[in-house]
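Below: final_1.pdb (PDB, C-alpha atoms)
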ATOM      1  CA  MET A  29     -15.368 -19.173  -1.537  1.00  0.00           C
ATOM      2  CA  ILE A  30     -18.945 -17.981  -1.416  1.00  0.00           C
ATOM      3  CA  TYR A  31     -21.695 -20.068   0.107  1.00  0.00           C
ATOM      4  CA  VAL A  32     -25.364 -19.465  -0.631  1.00  0.00           C
ATOM      5  CA  LEU A  33     -27.201 -20.889   2.343  1.00  0.00           C
ATOM      6  CA  HIS A  34     -30.729 -22.183   2.175  1.00  0.00           C
ATOM      7  CA  ASP A  35     -31.041 -21.950   5.965  1.00  0.00           C
ATOM      8  CA  ALA A  36     -29.019 -18.958   7.233  1.00  0.00           C
ATOM      9  CA  THR A  37     -29.942 -19.682  10.866  1.00  0.00           C
ATOM     10  CA  LYS A  38     -27.734 -22.826  10.964  1.00  0.00           C
ATOM     11  CA  PRO A  39     -24.564 -22.191   8.904  1.00  0.00           C
ATOM     12  CA  GLU A  40     -22.636 -24.963  10.721  1.00  0.00           C
ATOM     13  CA  LEU A  41     -24.646 -27.510   8.693  1.00  0.00           C
ATOM     14  CA  TYR A  42     -22.920 -26.340   5.491  1.00  0.00           C
ATOM     15  CA  GLY A  43     -19.337 -27.578   5.413  1.00  0.00           C
ATOM     16  CA  GLY A  44     -18.427 -26.700   8.990  1.00  0.00           C
ATOM     17  CA  LEU A  45     -19.007 -22.957   8.736  1.00  0.00           C
ATOM     18  CA  PRO A  46     -18.883 -21.113  12.079  1.00  0.00           C
ATOM     19  CA  SER A  47     -22.222 -20.156  13.589  1.00  0.00           C
ATOM     20  CA  ASN A  48     -20.992 -16.684  14.560  1.00  0.00           C
ATOM     21  CA  PRO A  49     -18.268 -15.615  12.072  1.00  0.00           C
ATOM     22  CA  THR A  50     -15.946 -12.744  12.973  1.00  0.00           C
ATOM     23  CA  ILE A  51     -13.173 -10.886  11.177  1.00  0.00           C
ATOM     24  CA  PRO A  52      -9.736 -11.803  12.596  1.00  0.00           C
ATOM     25  CA  MET A  53      -7.857  -9.078  14.480  1.00  0.00           C
ATOM     26  CA  ALA A  54      -4.911  -9.277  12.047  1.00  0.00           C
ATOM     27  CA  VAL A  55      -7.224  -8.405   9.151  1.00  0.00           C
ATOM     28  CA  LYS A  56      -8.779  -5.516  11.089  1.00  0.00           C
ATOM     29  CA  PHE A  57      -5.300  -4.225  11.956  1.00  0.00           C
ATOM     30  CA  TRP A  58      -4.151  -4.506   8.339  1.00  0.00           C
ATOM     31  CA  LYS A  59      -7.241  -2.831   6.907  1.00  0.00           C
ATOM     32  CA  HIS A  60      -7.369   0.208   9.169  1.00  0.00           C
ATOM     33  CA  PRO A  61      -4.230   1.516  10.955  1.00  0.00           C
ATOM     34  CA  LEU A  62      -1.590  -0.022   8.692  1.00  0.00           C
ATOM     35  CA  LYS A  63      -3.428   1.093   5.565  1.00  0.00           C
ATOM     36  CA  TRP A  64      -3.535   4.683   6.806  1.00  0.00           C
ATOM     37  CA  LEU A  65       0.085   4.537   7.960  1.00  0.00           C
ATOM     38  CA  GLY A  66       1.161   3.330   4.522  1.00  0.00           C
ATOM     39  CA  ASN A  67      -0.786   6.122   2.833  1.00  0.00           C
ATOM     40  CA  VAL A  68       0.827   8.726   5.111  1.00  0.00           C
ATOM     41  CA  ALA A  69       4.294   7.298   4.349  1.00  0.00           C
ATOM     42  CA  LEU A  70       3.602   7.400   0.607  1.00  0.00           C
ATOM     43  CA  VAL A  71       2.417  11.014   0.702  1.00  0.00           C
ATOM     44  CA  GLY A  72       5.369  11.972   2.938  1.00  0.00           C
ATOM     45  CA  GLY A  73       7.781  10.404   0.469  1.00  0.00           C
ATOM     46  CA  LEU A  74       6.232  12.295  -2.433  1.00  0.00           C
ATOM     47  CA  ILE A  75       6.404  15.579  -0.499  1.00  0.00           C
ATOM     48  CA  GLY A  76      10.047  14.877   0.361  1.00  0.00           C
ATOM     49  CA  LEU A  77      10.831  14.109  -3.272  1.00  0.00           C
ATOM     50  CA  PHE A  78       9.211  17.345  -4.428  1.00  0.00           C
ATOM     51  CA  ALA A  79      10.971  19.386  -1.701  1.00  0.00           C
ATOM     52  CA  HIS A  80      14.339  17.872  -2.654  1.00  0.00           C
ATOM     53  CA  TYR A  81      13.724  18.758  -6.298  1.00  0.00           C
ATOM     54  CA  LEU A  82      12.815  22.345  -5.377  1.00  0.00           C
ATOM     55  CA  LYS A  83      15.884  22.754  -3.152  1.00  0.00           C
ATOM     56  CA  PHE A  84      18.547  21.119  -5.353  1.00  0.00           C
ATOM     57  CA  GLY A  85      16.977  21.169  -8.821  1.00  0.00           C
ATOM     58  CA  PRO A  86      17.468  18.569 -11.526  1.00  0.00           C
ATOM     59  CA  LYS A  87      20.720  16.651 -11.678  1.00  0.00           C
ATOM     60  CA  ALA A  88      23.129  18.128 -14.272  1.00  0.00           C
ATOM     61  CA  HIS A  89      24.726  15.644 -16.670  1.00  0.00           C
ATOM     62  CA  GLU A  90      28.151  16.213 -18.219  1.00  0.00           C
ATOM     63  CA  ASP A  91      28.700  15.222 -21.815  1.00  0.00           C
ATOM     64  CA  SER A  92      31.551  12.793 -22.422  1.00  0.00           C
ATOM     65  CA  ASP A  93      33.052  15.169 -25.045  1.00  0.00           C
ATOM     66  CA  THR A  94      33.124  18.092 -22.611  1.00  0.00           C
ATOM     67  CA  ALA A  95      34.663  15.983 -19.848  1.00  0.00           C
ATOM     68  CA  SER A  96      37.464  14.653 -22.115  1.00  0.00           C
ATOM     69  CA  LYS A  97      38.353  18.160 -23.410  1.00  0.00           C
ATOM     70  CA  GLU A  98      38.646  19.498 -19.856  1.00  0.00           C
ATOM     71  CA  GLY A  99      41.089  16.733 -18.966  1.00  0.00           C
ATOM     72  CA  ASP A 100      43.440  17.575 -21.877  1.00  0.00           C
TER      73      ASP A 100
END
Representation of the structure as structure tokens:
Amino acid sequence: MIYVLHDATKPELYGGLPSNPTIPMAVKFWKHPLKWLGNVALVGGLIGLFAHYLKFGPKAHEDSDTASKEGD
């Protein structure tokens, strides 16, 4: 919710707003270190995926016709 105050020096007069608002520590923690940690994990996962593809290559699929002929 956004409040447009006519008198910004006394915000407590408008619906019980705090006179000295602060950002909670949980929000600060979520915005900065956890955001960066998540980004590092995402990039690490993509690098791991690419390295796995380079090392092992694409997965080979067997056709059902070829597999049944080999069994005969």
Between atom CA of Lys56 of chain A and atom CA of His34 of chain A - distance in Å to one decimal: 29.0 Å
Point-to-point distance from atom CA of Ile75 of chain A to atom CA of Phe57 of chain A, Å rounded to tenths: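 Computed distance, atom CA of Ile75 of chain A to atom CA of Phe57 of chain A, equals 26.2 Å.
The shortest atom-to-atom distance to Asp35 of chain A, with only C-alpha atoms taken into account, belongs to A:Ser47 out of A:His80, A:Ser47, A:Leu62, A:Glu90.
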Exercise: Pro46 of chain A partners within 12 Å, all atoms listed in the file, chain neighbours under 6 positions left out, as a list in words: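 Non-adjacent residues within range: Ala36, Thr37, Lys38, Pro39 and Glu40 of chain A.
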Mind writing segment 49-97 of chain A to a file for me, with C-alpha atoms, as a CSV table (one decimal), in the first residue's frame?
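Output contents, as saved in out.csv:
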chain,number,residue,atom,x,y,z
A,49,PRO,CA,10.5,3.0,9.3
A,50,THR,CA,13.3,0.4,8.7
A,51,ILE,CA,13.7,-2.6,6.5
A,52,PRO,CA,13.4,-5.8,8.4
A,53,MET,CA,16.6,-7.9,8.7
A,54,ALA,CA,14.9,-10.9,7.0
A,55,VAL,CA,14.3,-8.8,3.9
A,56,LYS,CA,17.8,-7.5,3.9
A,57,PHE,CA,19.2,-11.0,4.2
A,58,TRP,CA,16.9,-12.3,1.4
A,59,LYS,CA,17.7,-9.4,-0.9
A,60,HIS,CA,21.5,-9.5,-0.6
A,61,PRO,CA,23.4,-12.7,0.4
A,62,LEU,CA,20.7,-15.3,-0.4
A,63,LYS,CA,20.1,-13.7,-3.8
A,64,TRP,CA,23.8,-13.9,-4.7
A,65,LEU,CA,24.0,-17.4,-3.3
A,66,GLY,CA,21.1,-18.5,-5.5
A,67,ASN,CA,22.7,-16.9,-8.6
A,68,VAL,CA,26.0,-18.7,-7.9
A,69,ALA,CA,24.1,-22.0,-7.5
A,70,LEU,CA,22.2,-21.4,-10.8
A,71,VAL,CA,25.4,-20.6,-12.7
A,72,GLY,CA,27.2,-23.6,-11.1
A,73,GLY,CA,24.4,-25.9,-12.1
A,74,LEU,CA,24.5,-24.7,-15.7
A,75,ILE,CA,28.3,-25.1,-15.8
A,76,GLY,CA,28.0,-28.6,-14.4
A,77,LEU,CA,25.3,-29.4,-17.0
A,78,PHE,CA,27.5,-28.2,-19.8
A,79,ALA,CA,30.6,-30.1,-18.5
A,80,HIS,CA,28.6,-33.3,-18.2
A,81,TYR,CA,27.4,-32.9,-21.8
A,82,LEU,CA,31.0,-32.3,-23.0
A,83,LYS,CA,32.3,-35.3,-21.1
A,84,PHE,CA,29.6,-37.9,-21.8
A,85,GLY,CA,27.9,-36.5,-24.9
A,86,PRO,CA,24.2,-36.8,-25.8
A,87,LYS,CA,22.3,-39.8,-24.6
A,88,ALA,CA,22.0,-42.5,-27.4
A,89,HIS,CA,18.5,-43.9,-27.9
A,90,GLU,CA,17.9,-47.4,-29.3
A,91,ASP,CA,15.1,-48.0,-31.7
A,92,SER,CA,12.5,-50.6,-30.7
A,93,ASP,CA,13.0,-52.4,-34.0
A,94,THR,CA,16.8,-52.7,-33.5
A,95,ALA,CA,16.4,-53.9,-30.0
A,96,SER,CA,13.9,-56.7,-30.9
A,97,LYS,CA,16.1,-57.9,-33.8
